Amino acid sequence: MTTTPPLSPAVVAAYRYCETVTGQQARNFAWGIRLLPAGRRRAMSALYAFSRRVDDIGDGALEPAEKEAGLARTREVLERVRAGEVAEDSTDPVAVALAHTSRAFPVPLGALDELIDGVLMDVRGRQYETWDDLRDYCRCVAGAIGRLSLGVFGTVPGVQGAERAPEYADTLGLALQLTNILRDVREDAAAGRRYLPAEDLRKFGWEKGFAEGGTPPDGADFDGLVRFEVRRARELFASGFRLLPLLDRRSAACVAAMAGIYRRLLDRIAEDPAAVLRGRVALPARQKALVALRGLSGTDGRRIARTAAP
Ligand SMILES: CC(C)=CCC/C(C)=C/CC/C(C)=C/COP(=O)(O)OP(=O)(O)O
């Protein structure tokens, strides 16, 4: 049996900082992350805090050139982590925690480069013509997070089908991101961002008007458009949930809670598509807690795994 060396006070403090960021900002994902044993929970919080930093640069109020410079700086931090050049007494707790995580778990750090690439697409105002185009973006900003998380979770030793785990983790990330895009359609439109594929908008009579306030033009079938994307997201969930039987109980609970909360969000959007134009659709804390509890008891995980696509 191998023993893990105790963490130095500097690393403990760095992880504590990342756990605080996660507790305060991961309104949905924190429910799942809390279900993990301490080592994996700390590692997930380091990945979350780094990803939050990248995302905040993209979403912030800076000019595009300043955002690009900020992203270049996060890329340098990543390079230093990769090169083993981050000292434990560095003043950047996120770098210290990420460096420790990358030594303790086989996380594919290149996925964080993909995340930066995806946020750069946002900064450069990229729009998407087809689902294939949008999927490339979603792979960078969310599929990559799924593959990184898998590095922390690992798979059950000897489990059949483990080689497909990265593909399923990636697909689950796509499902979450498409749900996120539907939920935030109004907020993104107000910020001049349009993610939904232009060919889908045209199909539902929405050729113009997204950037101007985000309300659908007369004659557009908004409900039809949302339901079309909901169907796509449900297929992605069904496919991505094939990851669950490959994980141990605590990691499966974490994924079932994270994805379960988002899947319920998607159900809400499907019931009332216009709700996303009125405000941000969210689940009450009580319901998130219930999903997390079900994840831990395995009931949701087993049920979801049974309904996962063959
Ligand atoms: C295997 C596995 C764990 C797969 C899932 C991968 C994953 C967590 C992807 C994140 C994608 C996503 C919707 C981020 C939004 O974060 P946000 O902070 O904007 O979310 P919020 O607004 O809902 O709080």
# chains A, B, ... in the order shown; residues from 1 in each chain; ligands from 1
$ residues_near_ligand --ligand "ligand 1" --cutoff "9 Å" --atoms "only C-alpha atoms and all ligand atoms" --output "short mmCIF file (atom, residue, chain, number, x, y, z; two decimals) with N, CA, C and O atoms, in the first residue's frame"
data_model
loop_
_atom_site.label_atom_id
_atom_site.label_comp_id
_atom_site.auth_asym_id
_atom_site.auth_seq_id
_atom_site.Cartn_x
_atom_site.Cartn_y
_atom_site.Cartn_z
N GLN A 25 -18.83 30.17 -5.45
CA GLN A 25 -19.20 30.49 -6.84
C GLN A 25 -19.80 29.34 -7.64
O GLN A 25 -20.47 29.59 -8.63
N ALA A 26 -19.52 28.12 -7.24
CA ALA A 26 -20.05 27.00 -8.04
C ALA A 26 -21.47 26.67 -7.53
O ALA A 26 -21.66 25.70 -6.81
N ARG A 27 -22.41 27.52 -7.95
CA ARG A 27 -23.77 27.40 -7.40
C ARG A 27 -24.37 26.01 -7.63
O ARG A 27 -25.15 25.53 -6.84
N ASN A 28 -24.01 25.38 -8.73
CA ASN A 28 -24.56 24.05 -9.02
C ASN A 28 -23.55 22.93 -8.76
O ASN A 28 -23.88 21.91 -8.16
N PHE A 29 -22.30 23.15 -9.19
CA PHE A 29 -21.33 22.06 -9.14
C PHE A 29 -20.83 21.75 -7.73
O PHE A 29 -20.40 20.63 -7.45
N ALA A 30 -20.91 22.75 -6.83
CA ALA A 30 -20.42 22.51 -5.47
C ALA A 30 -21.19 21.37 -4.80
O ALA A 30 -20.62 20.64 -3.98
N GLY A 32 -22.14 18.56 -6.03
CA GLY A 32 -21.52 17.28 -6.38
C GLY A 32 -20.12 17.16 -5.79
O GLY A 32 -19.75 16.13 -5.23
N TYR A 48 -11.58 23.75 -10.44
CA TYR A 48 -12.67 24.73 -10.55
C TYR A 48 -12.11 26.15 -10.46
O TYR A 48 -12.46 27.01 -11.26
N SER A 51 -10.35 27.17 -13.60
CA SER A 51 -11.32 27.36 -14.69
C SER A 51 -12.14 28.63 -14.46
O SER A 51 -12.46 29.35 -15.41
N ARG A 52 -12.48 28.90 -13.20
CA ARG A 52 -13.26 30.11 -12.86
C ARG A 52 -12.47 31.35 -13.27
O ARG A 52 -13.00 32.30 -13.82
N ASP A 55 -12.65 31.73 -17.01
CA ASP A 55 -14.01 32.11 -17.39
C ASP A 55 -14.30 33.57 -17.02
O ASP A 55 -14.93 34.29 -17.78
N CYS A 138 -17.99 23.85 -27.43
CA CYS A 138 -18.43 23.19 -26.18
C CYS A 138 -17.38 22.19 -25.70
O CYS A 138 -17.17 22.01 -24.50
N VAL A 141 -14.74 24.32 -23.83
CA VAL A 141 -15.07 24.96 -22.54
C VAL A 141 -15.72 24.00 -21.54
O VAL A 141 -15.80 24.32 -20.36
N ALA A 142 -16.23 22.85 -21.99
CA ALA A 142 -16.93 21.96 -21.06
C ALA A 142 -16.50 20.50 -21.18
O ALA A 142 -16.25 19.85 -20.16
N GLY A 143 -16.37 20.01 -22.42
CA GLY A 143 -15.88 18.63 -22.59
C GLY A 143 -14.52 18.49 -21.91
O GLY A 143 -14.23 17.49 -21.24
N ALA A 144 -13.69 19.53 -22.06
CA ALA A 144 -12.35 19.51 -21.46
C ALA A 144 -12.45 19.39 -19.93
O ALA A 144 -11.65 18.68 -19.31
N ILE A 145 -13.45 20.05 -19.34
CA ILE A 145 -13.60 19.98 -17.87
C ILE A 145 -14.02 18.56 -17.47
O ILE A 145 -13.57 18.02 -16.45
N GLY A 146 -14.86 17.93 -18.29
CA GLY A 146 -15.24 16.55 -18.03
C GLY A 146 -14.02 15.63 -18.06
O GLY A 146 -13.83 14.79 -17.18
N ARG A 147 -13.15 15.81 -19.06
CA ARG A 147 -11.96 14.94 -19.18
C ARG A 147 -10.96 15.18 -18.05
O ARG A 147 -10.33 14.27 -17.55
N LEU A 148 -10.85 16.46 -17.64
CA LEU A 148 -9.98 16.77 -16.49
C LEU A 148 -10.52 16.12 -15.22
O LEU A 148 -9.77 15.52 -14.45
N SER A 149 -11.83 16.25 -15.02
CA SER A 149 -12.46 15.69 -13.81
C SER A 149 -12.23 14.18 -13.76
O SER A 149 -11.97 13.61 -12.70
N LEU A 150 -12.31 13.55 -14.92
CA LEU A 150 -12.09 12.10 -14.98
C LEU A 150 -10.70 11.74 -14.46
O LEU A 150 -10.52 10.69 -13.83
N PHE A 153 -11.20 11.51 -10.86
CA PHE A 153 -12.08 10.39 -10.44
C PHE A 153 -11.40 9.03 -10.65
O PHE A 153 -11.54 8.12 -9.84
N ALA A 165 -14.21 5.96 -21.24
CA ALA A 165 -14.59 6.94 -20.20
C ALA A 165 -14.31 8.40 -20.63
O ALA A 165 -15.18 9.26 -20.42
N PRO A 166 -13.14 8.71 -21.25
CA PRO A 166 -12.92 10.11 -21.63
C PRO A 166 -13.97 10.63 -22.62
O PRO A 166 -14.41 11.78 -22.53
N TYR A 168 -17.12 9.63 -22.83
CA TYR A 168 -18.38 9.86 -22.11
C TYR A 168 -18.29 11.13 -21.25
O TYR A 168 -19.26 11.90 -21.17
N ALA A 169 -17.12 11.32 -20.61
CA ALA A 169 -16.95 12.51 -19.76
C ALA A 169 -17.05 13.77 -20.63
O ALA A 169 -17.67 14.77 -20.24
N ASP A 170 -16.47 13.70 -21.82
CA ASP A 170 -16.51 14.82 -22.75
C ASP A 170 -17.98 15.09 -23.16
O ASP A 170 -18.44 16.24 -23.15
N THR A 171 -18.70 14.02 -23.45
CA THR A 171 -20.09 14.17 -23.91
C THR A 171 -20.97 14.76 -22.81
O THR A 171 -21.86 15.58 -23.07
N LEU A 172 -20.70 14.35 -21.57
CA LEU A 172 -21.47 14.91 -20.45
C LEU A 172 -21.20 16.42 -20.35
O LEU A 172 -22.12 17.21 -20.09
N GLY A 173 -19.95 16.79 -20.57
CA GLY A 173 -19.63 18.23 -20.58
C GLY A 173 -20.44 18.96 -21.67
O GLY A 173 -20.97 20.05 -21.43
N LEU A 174 -20.57 18.35 -22.85
CA LEU A 174 -21.35 18.98 -23.94
C LEU A 174 -22.80 19.17 -23.51
O LEU A 174 -23.42 20.20 -23.76
N ALA A 175 -23.36 18.13 -22.84
CA ALA A 175 -24.76 18.20 -22.39
C ALA A 175 -24.94 19.36 -21.41
O ALA A 175 -25.91 20.14 -21.51
N LEU A 176 -24.00 19.50 -20.49
CA LEU A 176 -24.08 20.58 -19.51
C LEU A 176 -23.96 21.94 -20.18
O LEU A 176 -24.69 22.88 -19.87
N GLN A 177 -23.04 22.03 -21.14
CA GLN A 177 -22.81 23.33 -21.78
C GLN A 177 -24.00 23.74 -22.64
O GLN A 177 -24.40 24.91 -22.63
N LEU A 178 -24.60 22.79 -23.34
CA LEU A 178 -25.77 23.16 -24.17
C LEU A 178 -26.92 23.60 -23.26
O LEU A 178 -27.65 24.55 -23.57
N THR A 179 -27.07 22.94 -22.12
CA THR A 179 -28.10 23.35 -21.15
C THR A 179 -27.80 24.77 -20.67
O THR A 179 -28.69 25.63 -20.59
N ASN A 180 -26.52 25.03 -20.38
CA ASN A 180 -26.09 26.35 -19.92
C ASN A 180 -26.38 27.43 -20.97
O ASN A 180 -26.83 28.53 -20.66
N ILE A 181 -26.16 27.08 -22.23
CA ILE A 181 -26.40 28.03 -23.33
C ILE A 181 -27.89 28.38 -23.41
O ILE A 181 -28.27 29.54 -23.58
N ARG A 183 -30.08 28.11 -20.90
CA ARG A 183 -30.45 28.86 -19.69
C ARG A 183 -30.05 30.33 -19.80
O ARG A 183 -30.78 31.22 -19.39
N ASP A 184 -28.85 30.59 -20.39
CA ASP A 184 -28.31 31.95 -20.38
C ASP A 184 -28.56 32.71 -21.67
O ASP A 184 -27.91 33.72 -21.94
N GLY A 240 -23.66 10.49 -22.28
CA GLY A 240 -22.63 10.79 -21.28
C GLY A 240 -22.83 10.03 -19.98
O GLY A 240 -21.85 9.71 -19.29
N PHE A 241 -24.05 9.71 -19.64
CA PHE A 241 -24.31 8.99 -18.38
C PHE A 241 -23.75 7.56 -18.40
O PHE A 241 -23.71 6.90 -17.37
N LEU A 243 -20.91 7.00 -18.45
CA LEU A 243 -19.70 7.11 -17.62
C LEU A 243 -19.93 6.52 -16.22
O LEU A 243 -19.02 5.94 -15.61
N LEU A 244 -21.16 6.67 -15.71
CA LEU A 244 -21.40 6.36 -14.29
C LEU A 244 -20.97 4.96 -13.85
O LEU A 244 -20.31 4.82 -12.82
N SER A 251 -17.25 8.98 -6.76
CA SER A 251 -17.12 9.78 -7.98
C SER A 251 -18.41 9.74 -8.79
O SER A 251 -18.83 10.76 -9.36
N CYS A 254 -20.75 12.15 -7.31
CA CYS A 254 -20.41 13.53 -7.68
C CYS A 254 -20.95 13.86 -9.08
O CYS A 254 -21.61 14.87 -9.28
N VAL A 255 -20.69 12.95 -10.02
CA VAL A 255 -21.13 13.20 -11.40
C VAL A 255 -22.66 13.18 -11.48
O VAL A 255 -23.27 14.03 -12.14
N ALA A 256 -23.27 12.21 -10.76
CA ALA A 256 -24.75 12.13 -10.81
C ALA A 256 -25.37 13.41 -10.24
O ALA A 256 -26.40 13.88 -10.74
N MET A 258 -23.83 16.55 -10.11
CA MET A 258 -23.53 17.69 -10.99
C MET A 258 -24.42 17.65 -12.23
O MET A 258 -25.06 18.64 -12.60
N ALA A 259 -24.44 16.49 -12.87
CA ALA A 259 -25.19 16.39 -14.12
C ALA A 259 -26.69 16.31 -13.83
O ALA A 259 -27.50 16.80 -14.62
N TYR A 262 -28.17 19.76 -13.50
CA TYR A 262 -28.32 20.40 -14.81
C TYR A 262 -29.42 19.73 -15.64
O TYR A 262 -30.12 20.38 -16.40
N ALA A 282 -33.47 28.60 -12.40
CA ALA A 282 -32.60 27.97 -11.39
C ALA A 282 -33.43 26.99 -10.57
O ALA A 282 -34.66 27.09 -10.52
#
$ select_by_dssp --residues "segment 150-200 of chain A" --states "alpha helix (DSSP H)" --output "ChimeraX atom specification"
/A:150-153,165-183,185-190,198-200
$ closest_atom_pairs --of "segment 26-137 of chain A" --to "segment 14-19 of chain A" --cutoff "7 Å" --atoms "only C-alpha atoms" --output "tab-separated table"
residue	atom	partner	partner_atom	distance
A:Arg42	CA	A:Tyr15	CA	6.0
A:Ser45	CA	A:Glu19	CA	5.3
A:Ala46	CA	A:Cys18	CA	5.5
A:Ala49	CA	A:Cys18	CA	5.5
A:Pro93	CA	A:Ala14	CA	4.3
A:Val94	CA	A:Ala14	CA	6.5
A:Val96	CA	A:Ala14	CA	6.2
A:Ala97	CA	A:Ala14	CA	5.4
$ write_last_selection --atoms "N, CA, C and O atoms" --output "compact mmCIF listing (two decimals), in the first residue's frame"
# COMPACT_ATOMS: atom_id res chain seq x y z
N ARG A 42 -10.51 18.33 -2.91
CA ARG A 42 -9.55 19.43 -3.02
C ARG A 42 -9.09 19.59 -4.47
O ARG A 42 -9.00 20.70 -4.98
N SER A 45 -11.61 21.25 -6.55
CA SER A 45 -11.72 22.69 -6.26
C SER A 45 -10.56 23.45 -6.92
O SER A 45 -10.74 24.58 -7.36
N ALA A 46 -9.38 22.82 -7.01
CA ALA A 46 -8.26 23.48 -7.71
C ALA A 46 -8.60 23.65 -9.20
O ALA A 46 -8.39 24.71 -9.79
N ALA A 49 -11.23 26.39 -9.47
CA ALA A 49 -10.73 27.76 -9.25
C ALA A 49 -9.94 28.24 -10.47
O ALA A 49 -10.06 29.41 -10.87
N PRO A 93 -2.37 31.16 -4.95
CA PRO A 93 -2.84 29.90 -4.36
C PRO A 93 -3.43 28.94 -5.40
O PRO A 93 -3.35 27.71 -5.24
N VAL A 94 -4.00 29.50 -6.47
CA VAL A 94 -4.61 28.63 -7.49
C VAL A 94 -3.51 27.85 -8.22
O VAL A 94 -3.65 26.64 -8.47
N VAL A 96 -0.57 27.10 -6.94
CA VAL A 96 0.00 26.13 -5.99
C VAL A 96 -0.90 24.89 -5.91
O VAL A 96 -0.42 23.75 -5.97
N ALA A 97 -2.21 25.12 -5.80
CA ALA A 97 -3.14 23.99 -5.68
C ALA A 97 -3.17 23.17 -6.98
O ALA A 97 -3.16 21.93 -6.94
$ residues_around --residues "segment 70-72 of chain A" --least-positions-apart "2" --cutoff "8 Å" --atoms "only C-alpha atoms" --output "PyMOL selection string"
chain A and resi 54+57+66-68+74-76+116+120
$ write_last_selection --atoms "C-alpha atoms" --output "short mmCIF file (atom, residue, chain, number, x, y, z; two decimals), in the first residue's frame"
data_model
loop_
_atom_site.label_atom_id
_atom_site.label_comp_id
_atom_site.auth_asym_id
_atom_site.auth_seq_id
_atom_site.Cartn_x
_atom_site.Cartn_y
_atom_site.Cartn_z
CA VAL A 54 -10.23 31.78 -17.08
CA ILE A 57 -11.59 36.94 -17.75
CA GLU A 66 -6.95 43.22 -22.22
CA LYS A 67 -8.88 39.95 -22.00
CA GLU A 68 -6.46 38.36 -24.47
CA THR A 74 -3.21 32.28 -17.31
CA ARG A 75 -1.57 30.26 -20.09
CA GLU A 76 1.83 31.19 -18.64
CA ILE A 116 -8.39 28.97 -22.69
CA LEU A 120 -10.59 33.10 -26.68
#
$ residues_around --residues "Arg103 of chain A" --least-positions-apart "6" --cutoff "12 Å" --atoms "only C-alpha atoms" --output "PyMOL selection string"
chain A and resi 4+43+81-84+86+96-97+109+151-152
$ write_last_selection --atoms "N, CA and C atoms" --output "compact mmCIF listing (two decimals), in the first residue's frame"
# COMPACT_ATOMS: atom_id res chain seq x y z
N THR A 4 0.27 8.51 1.24
CA THR A 4 0.39 9.84 0.65
C THR A 4 1.08 10.74 1.67
N ALA A 43 -8.81 18.45 -5.12
CA ALA A 43 -8.33 18.52 -6.50
C ALA A 43 -9.39 19.15 -7.41
N VAL A 81 3.05 25.49 -14.25
CA VAL A 81 2.57 24.29 -13.54
C VAL A 81 3.11 23.06 -14.25
N ARG A 82 2.97 23.06 -15.56
CA ARG A 82 3.40 21.90 -16.36
C ARG A 82 4.90 21.64 -16.22
N ALA A 83 5.65 22.73 -16.14
CA ALA A 83 7.12 22.59 -16.07
C ALA A 83 7.59 22.32 -14.63
N GLY A 84 6.66 22.25 -13.68
CA GLY A 84 7.04 22.00 -12.28
C GLY A 84 7.75 23.20 -11.68
N VAL A 86 6.23 25.90 -10.15
CA VAL A 86 5.47 26.68 -9.17
C VAL A 86 5.92 26.29 -7.76
N VAL A 96 -0.57 27.10 -6.94
CA VAL A 96 0.00 26.13 -5.99
C VAL A 96 -0.90 24.89 -5.91
N ALA A 97 -2.21 25.12 -5.80
CA ALA A 97 -3.14 23.99 -5.68
C ALA A 97 -3.17 23.17 -6.98
N LEU A 109 -3.47 18.16 -18.37
CA LEU A 109 -3.43 19.63 -18.26
C LEU A 109 -3.71 20.34 -19.59
N GLY A 151 -9.73 12.61 -14.73
CA GLY A 151 -8.37 12.38 -14.22
C GLY A 151 -8.37 12.31 -12.69
N VAL A 152 -9.23 13.08 -12.06
CA VAL A 152 -9.34 13.05 -10.59
C VAL A 152 -10.13 11.82 -10.14
$ closest_residue --among "A:Lys288, A:Leu35, A:Lys208, A:Gly161" --to "Arg263 of chain A" --atoms "only C-alpha atoms"
A:Lys288
$ closest_residue --among "A:Gln160, A:Phe204, A:Gly279, A:Ile261" --to "Asp188 of chain A" --atoms "only C-alpha atoms"
A:Gly279
$ residues_around --residues "Ala257 of chain A" --least-positions-apart "4" --cutoff "7 Å" --atoms "only C-alpha atoms" --output "number ranges by chain"
A: 31-32, 253, 261, 291-292, 295
$ write_last_selection --atoms "N, CA, C and O atoms" --output "compact mmCIF listing (two decimals), in the first residue's frame"
# COMPACT_ATOMS: atom_id res chain seq x y z
N TRP A 31 -22.45 21.18 -5.17
CA TRP A 31 -23.25 20.11 -4.55
C TRP A 31 -22.64 18.74 -4.82
O TRP A 31 -22.65 17.87 -3.96
N GLY A 32 -22.14 18.56 -6.03
CA GLY A 32 -21.52 17.28 -6.38
C GLY A 32 -20.12 17.16 -5.79
O GLY A 32 -19.75 16.13 -5.23
N ALA A 253 -21.31 9.45 -7.53
CA ALA A 253 -22.26 10.32 -6.82
C ALA A 253 -22.02 11.78 -7.21
O ALA A 253 -22.98 12.54 -7.45
N ILE A 261 -28.40 17.84 -11.51
CA ILE A 261 -28.94 19.20 -11.29
C ILE A 261 -29.15 19.89 -12.64
O ILE A 261 -30.21 20.47 -12.91
N VAL A 291 -31.19 16.13 -5.15
CA VAL A 291 -30.47 15.47 -6.27
C VAL A 291 -29.13 14.95 -5.76
O VAL A 291 -28.73 13.81 -6.06
N ALA A 292 -28.43 15.77 -4.94
CA ALA A 292 -27.12 15.37 -4.43
C ALA A 292 -27.27 14.14 -3.52
O ALA A 292 -26.49 13.19 -3.62
N GLY A 295 -27.78 11.15 -5.49
CA GLY A 295 -26.50 10.78 -6.11
C GLY A 295 -25.69 9.94 -5.14
O GLY A 295 -25.14 8.90 -5.50
$ closest_residue --among "A:Met44, A:Ala65, A:Ala95, A:Ile33" --to "Val11 of chain A" --atoms "only C-alpha atoms"
A:Ala95
$ closest_residue --among "A:Leu247, A:Phe50, A:Arg80, A:Leu225" --to "Glu199 of chain A" --atoms "only C-alpha atoms"
A:Leu225
$ closest_residue --among "A:Arg124, A:Arg41, A:Arg234, A:Lys203" --to "Ala270 of chain A" --atoms "only C-alpha atoms"
A:Arg234
$ residues_around --residues "segment 127-130 of chain A" --least-positions-apart "2" --cutoff "9 Å" --atoms "only C-alpha atoms" --output "PyMOL selection string"
chain A and resi 121-122+125+132-135+137+193-200
